[in-house]
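Student: Got a file for you: final27.json, JSON, C-alpha atoms.
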[["chain", "number", "residue", "atom", "x", "y", "z"],
["T", 174, "MET", "CA", -39.05, -6.18, 39.42],
["T", 175, "GLU", "CA", -40.02, -2.63, 38.52],
["T", 176, "LYS", "CA", -41.73, -2.13, 41.90],
["T", 177, "ILE", "CA", -38.61, -3.26, 43.73],
["T", 178, "LYS", "CA", -36.48, -0.68, 41.91],
["T", 179, "LYS", "CA", -38.97, 2.08, 42.78],
["T", 180, "LEU", "CA", -39.00, 0.94, 46.39],
["T", 181, "ASP", "CA", -35.19, 0.96, 46.55],
["T", 182, "ILE", "CA", -35.07, 4.48, 45.14],
["T", 183, "GLY", "CA", -37.72, 5.60, 47.66],
["T", 184, "PHE", "CA", -35.78, 4.20, 50.60],
["T", 185, "GLY", "CA", -32.61, 5.75, 49.23],
["T", 186, "ILE", "CA", -34.22, 9.16, 49.04],
["T", 187, "ILE", "CA", -35.43, 8.86, 52.62],
["T", 188, "LEU", "CA", -32.50, 7.12, 54.32],
["T", 189, "VAL", "CA", -29.37, 8.48, 52.64],
["T", 190, "PRO", "CA", -29.79, 12.08, 53.90],
["T", 191, "GLU", "CA", -30.46, 10.79, 57.41],
["T", 192, "TRP", "CA", -27.36, 8.60, 57.27],
["T", 193, "ILE", "CA", -25.29, 11.57, 56.09],
["T", 194, "LEU", "CA", -26.67, 13.65, 58.96],
["T", 195, "LEU", "CA", -25.89, 10.84, 61.41],
["T", 196, "ILE", "CA", -22.32, 10.51, 60.16],
["T", 197, "THR", "CA", -21.59, 14.24, 60.21],
["T", 198, "SER", "CA", -23.28, 14.91, 63.54],
["T", 199, "SER", "CA", -21.35, 12.08, 65.20],
["T", 200, "HIS", "CA", -18.10, 13.66, 63.95],
["T", 201, "TYR", "CA", -17.15, 10.45, 62.10],
["T", 202, "ASP", "CA", -16.91, 8.43, 65.33],
["T", 203, "LEU", "CA", -17.34, 4.80, 64.25],
["T", 204, "TYR", "CA", -18.89, 3.70, 67.56],
["T", 205, "SER", "CA", -21.58, 6.39, 67.39],
["T", 206, "ILE", "CA", -22.26, 5.64, 63.73],
["T", 207, "GLY", "CA", -22.62, 1.92, 64.47],
["T", 208, "ILE", "CA", -24.98, 2.57, 67.39],
["T", 209, "GLY", "CA", -27.02, 4.92, 65.21],
["T", 210, "PHE", "CA", -27.36, 2.36, 62.43],
["T", 211, "LEU", "CA", -28.23, -0.37, 64.94],
["T", 212, "PHE", "CA", -30.86, 1.84, 66.59],
["T", 213, "GLY", "CA", -32.43, 2.76, 63.25],
["T", 214, "LEU", "CA", -32.47, -0.77, 61.85],
["T", 215, "ALA", "CA", -33.84, -2.20, 65.10],
["T", 216, "GLY", "CA", -36.68, 0.33, 64.98],
["T", 217, "LEU", "CA", -37.48, -0.50, 61.35],
["T", 218, "PHE", "CA", -37.47, -4.25, 62.01],
["T", 219, "PHE", "CA", -39.66, -3.81, 65.08],
["T", 220, "LEU", "CA", -42.19, -1.69, 63.20],
["T", 221, "LEU", "CA", -42.35, -4.33, 60.48],
["T", 222, "THR", "CA", -42.84, -6.99, 63.14],
["T", 223, "ILE", "CA", -45.65, -5.00, 64.74],
["T", 224, "LEU", "CA", -47.29, -4.80, 61.32],
["T", 225, "TYR", "CA", -47.24, -8.60, 61.12],
["T", 226, "ILE", "CA", -48.49, -8.95, 64.69],
["T", 227, "VAL", "CA", -51.56, -6.75, 64.14],
["T", 228, "LYS", "CA", -52.16, -8.57, 60.83],
["T", 229, "LEU", "CA", -52.12, -5.40, 58.68],
["T", 230, "ASN", "CA", -54.87, -3.69, 60.71],
["T", 231, "MET", "CA", -53.94, -0.02, 60.34],
["T", 232, "ASP", "CA", -56.03, 1.24, 63.28],
["T", 233, "ASN", "CA", -54.22, -1.05, 65.71],
["T", 234, "TYR", "CA", -50.90, -0.34, 64.00],
["T", 235, "LEU", "CA", -51.26, 3.41, 64.51],
["T", 236, "LYS", "CA", -51.99, 2.86, 68.21],
["T", 237, "TRP", "CA", -48.86, 0.71, 68.53],
["T", 238, "LEU", "CA", -46.90, 3.27, 66.53],
["T", 239, "LEU", "CA", -47.81, 6.05, 68.96],
["T", 240, "PHE", "CA", -46.85, 3.88, 71.92],
["T", 241, "PHE", "CA", -43.60, 2.90, 70.17],
["T", 242, "PHE", "CA", -42.57, 6.51, 69.64],
["T", 243, "PHE", "CA", -43.17, 7.37, 73.30],
["T", 244, "ILE", "CA", -40.99, 4.46, 74.38],
["T", 245, "VAL", "CA", -38.30, 5.37, 71.83],
["T", 246, "MET", "CA", -38.19, 8.96, 73.08],
["T", 247, "TRP", "CA", -37.78, 7.69, 76.63],
["T", 248, "ALA", "CA", -34.96, 5.36, 75.56],
["T", 249, "ILE", "CA", -33.14, 8.19, 73.78],
["T", 250, "LEU", "CA", -33.52, 10.66, 76.64],
["T", 251, "ALA", "CA", -32.40, 8.08, 79.22],
["T", 252, "ASN", "CA", -29.40, 6.95, 77.10],
["T", 253, "TYR", "CA", -30.71, 3.39, 76.88],
["T", 254, "TYR", "CA", -30.61, 3.28, 73.08],
["T", 255, "LEU", "CA", -28.10, 0.43, 72.87],
["T", 256, "SER", "CA", -29.94, -1.88, 75.26],
["T", 257, "PHE", "CA", -33.25, -0.80, 73.72],
["T", 258, "SER", "CA", -32.00, -1.72, 70.25],
["T", 259, "LEU", "CA", -30.82, -5.12, 71.42],
["T", 260, "ILE", "CA", -34.15, -5.79, 73.14],
["T", 261, "LEU", "CA", -36.02, -4.82, 69.97],
["T", 262, "LEU", "CA", -33.87, -7.10, 67.81],
["T", 263, "ALA", "CA", -34.23, -9.98, 70.28],
["T", 264, "SER", "CA", -38.00, -9.61, 70.42],
["T", 265, "CYS", "CA", -38.20, -9.53, 66.62],
["T", 266, "LYS", "CA", -36.05, -12.64, 66.39],
["T", 267, "ILE", "CA", -38.23, -14.46, 68.92],
["T", 268, "TYR", "CA", -41.38, -13.49, 67.02],
["T", 269, "TYR", "CA", -40.04, -14.59, 63.66],
["T", 270, "LEU", "CA", -38.71, -17.89, 65.03],
["T", 271, "ARG", "CA", -41.94, -18.78, 66.84],
["T", 272, "MET", "CA", -44.89, -17.12, 65.14],
["T", 273, "PHE", "CA", -44.05, -15.98, 61.63],
["T", 274, "ASN", "CA", -45.18, -19.13, 59.83],
["T", 275, "LYS", "CA", -48.44, -19.14, 61.82],
["T", 276, "THR", "CA", -49.39, -15.58, 60.86],
["T", 277, "ASP", "CA", -52.06, -15.35, 58.17],
["T", 278, "LEU", "CA", -52.04, -12.02, 56.31],
["T", 279, "LYS", "CA", -54.90, -12.78, 53.93],
["T", 280, "VAL", "CA", -57.34, -9.92, 53.48],
["T", 281, "GLU", "CA", -60.83, -10.97, 54.42],
["T", 282, "ASP", "CA", -63.78, -9.56, 52.50],
["T", 283, "ALA", "CA", -66.35, -7.90, 54.74]]
Would you mind writing the structure in this file as structure tokens?
Tutor:
Amino acid sequence: MEKIKKLDIGFGIILVPEWILLITSSHYDLYSIGIGFLFGLAGLFFLLTILYIVKLNMDNYLKWLLFFFFIVMWAILANYYLSFSLILLASCKIYYLRMFNKTDLKVEDA
């Protein structure tokens, strides 16, 4: 329980200033705030899903992370962030419905 409280505080320290910046930079427009939250949460869920897909292998995860950031930058610059977010959420949902129970995250001793 103590680890969960520390984790919540850590996420609060990281995310709250970004949410404040998002809200103020969108000039309190609810549509822009909603799209920003959706885009951020879709990215976080997708990165967590990638971590499950590569079975906690950090070398492969860093390669996917680099590729992910290039695609995200393209989506932002091309104004496809809404459709990109929906595609990310749909792909995460498909993965969790089909493959999550089959994924084995046990650490193997070398």
Student: Have a look at T:Ser258, T:Ser264, T:Ser198, T:Asn233 and name the one nearest to Gly213 in chain T; count only C-alpha atoms.
Tutor: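 Selected residue with least distance to Gly213 in chain T: T:Ser258.
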Student: Would you work out the distance separating CA of Ile206 in chain T from CA of Trp247 in chain T, expressed in Å to one decimal?
Tutor: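 So the two atoms, CA of Ile206 in chain T and CA of Trp247 in chain T, lie 20.3 Å apart.
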Student: What does the distance from CA of Ser256 in chain T to CA of Phe240 in chain T come to in Å, to one decimal?
Tutor: 18.2 Å
Student: Between T:Leu229, T:Ala215, T:Ile249, T:Ile193, which residue has the minimum interatomic distance to Lys266 in chain T, considering all atoms listed in the file?
Tutor: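 Result for the nearest residue to Lys266 in chain T: T:Ala215.
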Student: Could you give me, as a compact mmCIF listing (two decimals) with C-alpha atoms, in the coordinates of the input, the residues within 10 Å of Leu261 in chain T, counting all atoms listed in the file and dropping anything in the same chain fewer than 6 positions from it?
Tutor:
# COMPACT_ATOMS: atom_id res chain seq x y z
CA PHE T 212 -30.86 1.84 66.59
CA LEU T 214 -32.47 -0.77 61.85
CA ALA T 215 -33.84 -2.20 65.10
CA GLY T 216 -36.68 0.33 64.98
CA LEU T 217 -37.48 -0.50 61.35
CA PHE T 218 -37.47 -4.25 62.01
CA PHE T 219 -39.66 -3.81 65.08
CA LEU T 220 -42.19 -1.69 63.20
CA THR T 222 -42.84 -6.99 63.14
CA LEU T 255 -28.10 0.43 72.87
CA ILE T 267 -38.23 -14.46 68.92
Student: Go through T:Ile260, T:Leu188, T:Phe241, T:Tyr254 one by one, measure the shortest atom-to-atom distance of each to Ser205 in chain T using only C-alpha atoms, and give the residue with the smallest value.
Tutor: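 Looking only at the distances to Ser205 in chain T, the closest residue turns out to be T:Tyr254.
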Student: Would you please work out which residue, of T:Leu239, T:Ile186, T:Val245, T:Ile226, is nearest to Lys275 in chain T when using all atoms listed in the file?
Tutor: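 The shortest atom-to-atom distance to Lys275 in chain T comes from T:Ile226.
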Student: Report the distance between CA of Tyr234 in chain T and CA of Leu221 in chain T in Å, rounded to one decimal place.
Tutor: 10.1 Å
Student: Hey, could you pull the box centre and edge lengths for range 246-262 of chain T, axis-aligned, 3 Å padding per side, all listed atoms, to one decimal in Å, as JSON?
Tutor:
{"center_x": -33.1, "center_y": 1.8, "center_z": 73.5, "size_x": 16.1, "size_y": 23.8, "size_z": 17.4}
Student: Quick one: of T:Ala263, T:Met272, T:Ala251, T:Ile223, who's nearest to Leu238 in chain T, counting all atoms listed in the file?
Tutor: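 For Leu238 in chain T, the nearest of the candidates is T:Ile223.
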Student: I'd like to know which of T:Val189, T:Ile196, T:Leu250, T:Cys265 is closest to Leu224 in chain T, using all atoms listed in the file.
Tutor: T:Cys265
Student: Rebuild range 189-219 of chain T so that it carries N, CA and C atoms, then output the result as a compact mmCIF listing (two decimals), keeping the file's coordinate frame.
Tutor:
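In the end it all went to part_30.txt:
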# COMPACT_ATOMS: atom_id res chain seq x y z
N VAL T 189 -30.72 7.97 52.88
CA VAL T 189 -29.37 8.48 52.64
C VAL T 189 -29.13 9.84 53.30
N PRO T 190 -30.04 10.82 53.19
CA PRO T 190 -29.79 12.08 53.90
C PRO T 190 -29.72 11.91 55.42
N GLU T 191 -30.52 11.01 55.97
CA GLU T 191 -30.46 10.79 57.41
C GLU T 191 -29.14 10.13 57.81
N TRP T 192 -28.65 9.21 56.98
CA TRP T 192 -27.36 8.60 57.27
C TRP T 192 -26.23 9.62 57.17
N ILE T 193 -26.30 10.51 56.21
CA ILE T 193 -25.29 11.57 56.09
C ILE T 193 -25.33 12.47 57.31
N LEU T 194 -26.54 12.83 57.75
CA LEU T 194 -26.67 13.65 58.96
C LEU T 194 -26.13 12.92 60.18
N LEU T 195 -26.41 11.64 60.30
CA LEU T 195 -25.89 10.84 61.41
C LEU T 195 -24.37 10.83 61.41
N ILE T 196 -23.77 10.60 60.25
CA ILE T 196 -22.32 10.51 60.16
C ILE T 196 -21.66 11.84 60.48
N THR T 197 -22.21 12.93 59.95
CA THR T 197 -21.59 14.24 60.21
C THR T 197 -21.84 14.71 61.63
N SER T 198 -23.00 14.44 62.19
CA SER T 198 -23.28 14.91 63.54
C SER T 198 -22.55 14.09 64.60
N SER T 199 -22.13 12.86 64.26
CA SER T 199 -21.35 12.08 65.20
C SER T 199 -19.85 12.34 65.05
N HIS T 200 -19.49 13.27 64.18
CA HIS T 200 -18.10 13.66 63.95
C HIS T 200 -17.24 12.46 63.53
N TYR T 201 -17.84 11.60 62.71
CA TYR T 201 -17.15 10.45 62.10
C TYR T 201 -16.63 9.45 63.13
N ASP T 202 -17.26 9.41 64.30
CA ASP T 202 -16.91 8.43 65.33
C ASP T 202 -17.59 7.10 64.97
N LEU T 203 -16.80 6.07 64.72
CA LEU T 203 -17.34 4.80 64.25
C LEU T 203 -18.28 4.14 65.25
N TYR T 204 -18.01 4.27 66.54
CA TYR T 204 -18.89 3.70 67.56
C TYR T 204 -20.26 4.36 67.51
N SER T 205 -20.30 5.67 67.44
CA SER T 205 -21.58 6.39 67.39
C SER T 205 -22.34 6.09 66.10
N ILE T 206 -21.62 5.96 65.00
CA ILE T 206 -22.26 5.64 63.73
C ILE T 206 -22.86 4.23 63.79
N GLY T 207 -22.11 3.29 64.34
CA GLY T 207 -22.62 1.92 64.47
C GLY T 207 -23.84 1.84 65.36
N ILE T 208 -23.82 2.55 66.49
CA ILE T 208 -24.98 2.57 67.39
C ILE T 208 -26.17 3.21 66.69
N GLY T 209 -25.93 4.27 65.94
CA GLY T 209 -27.02 4.92 65.21
C GLY T 209 -27.66 4.02 64.17
N PHE T 210 -26.82 3.31 63.42
CA PHE T 210 -27.36 2.36 62.43
C PHE T 210 -28.12 1.23 63.12
N LEU T 211 -27.56 0.71 64.21
CA LEU T 211 -28.23 -0.37 64.94
C LEU T 211 -29.57 0.09 65.48
N PHE T 212 -29.62 1.29 66.03
CA PHE T 212 -30.86 1.84 66.59
C PHE T 212 -31.91 2.02 65.49
N GLY T 213 -31.50 2.55 64.35
CA GLY T 213 -32.43 2.76 63.25
C GLY T 213 -32.95 1.46 62.65
N LEU T 214 -32.05 0.51 62.43
CA LEU T 214 -32.47 -0.77 61.85
C LEU T 214 -33.33 -1.57 62.82
N ALA T 215 -33.02 -1.50 64.11
CA ALA T 215 -33.84 -2.20 65.10
C ALA T 215 -35.25 -1.62 65.12
N GLY T 216 -35.35 -0.30 65.02
CA GLY T 216 -36.68 0.33 64.98
C GLY T 216 -37.46 -0.07 63.74
N LEU T 217 -36.79 -0.10 62.58
CA LEU T 217 -37.48 -0.50 61.35
C LEU T 217 -37.94 -1.95 61.41
N PHE T 218 -37.08 -2.84 61.90
CA PHE T 218 -37.47 -4.25 62.01
C PHE T 218 -38.63 -4.42 62.98
N PHE T 219 -38.59 -3.67 64.09
CA PHE T 219 -39.66 -3.81 65.08
C PHE T 219 -40.99 -3.30 64.52
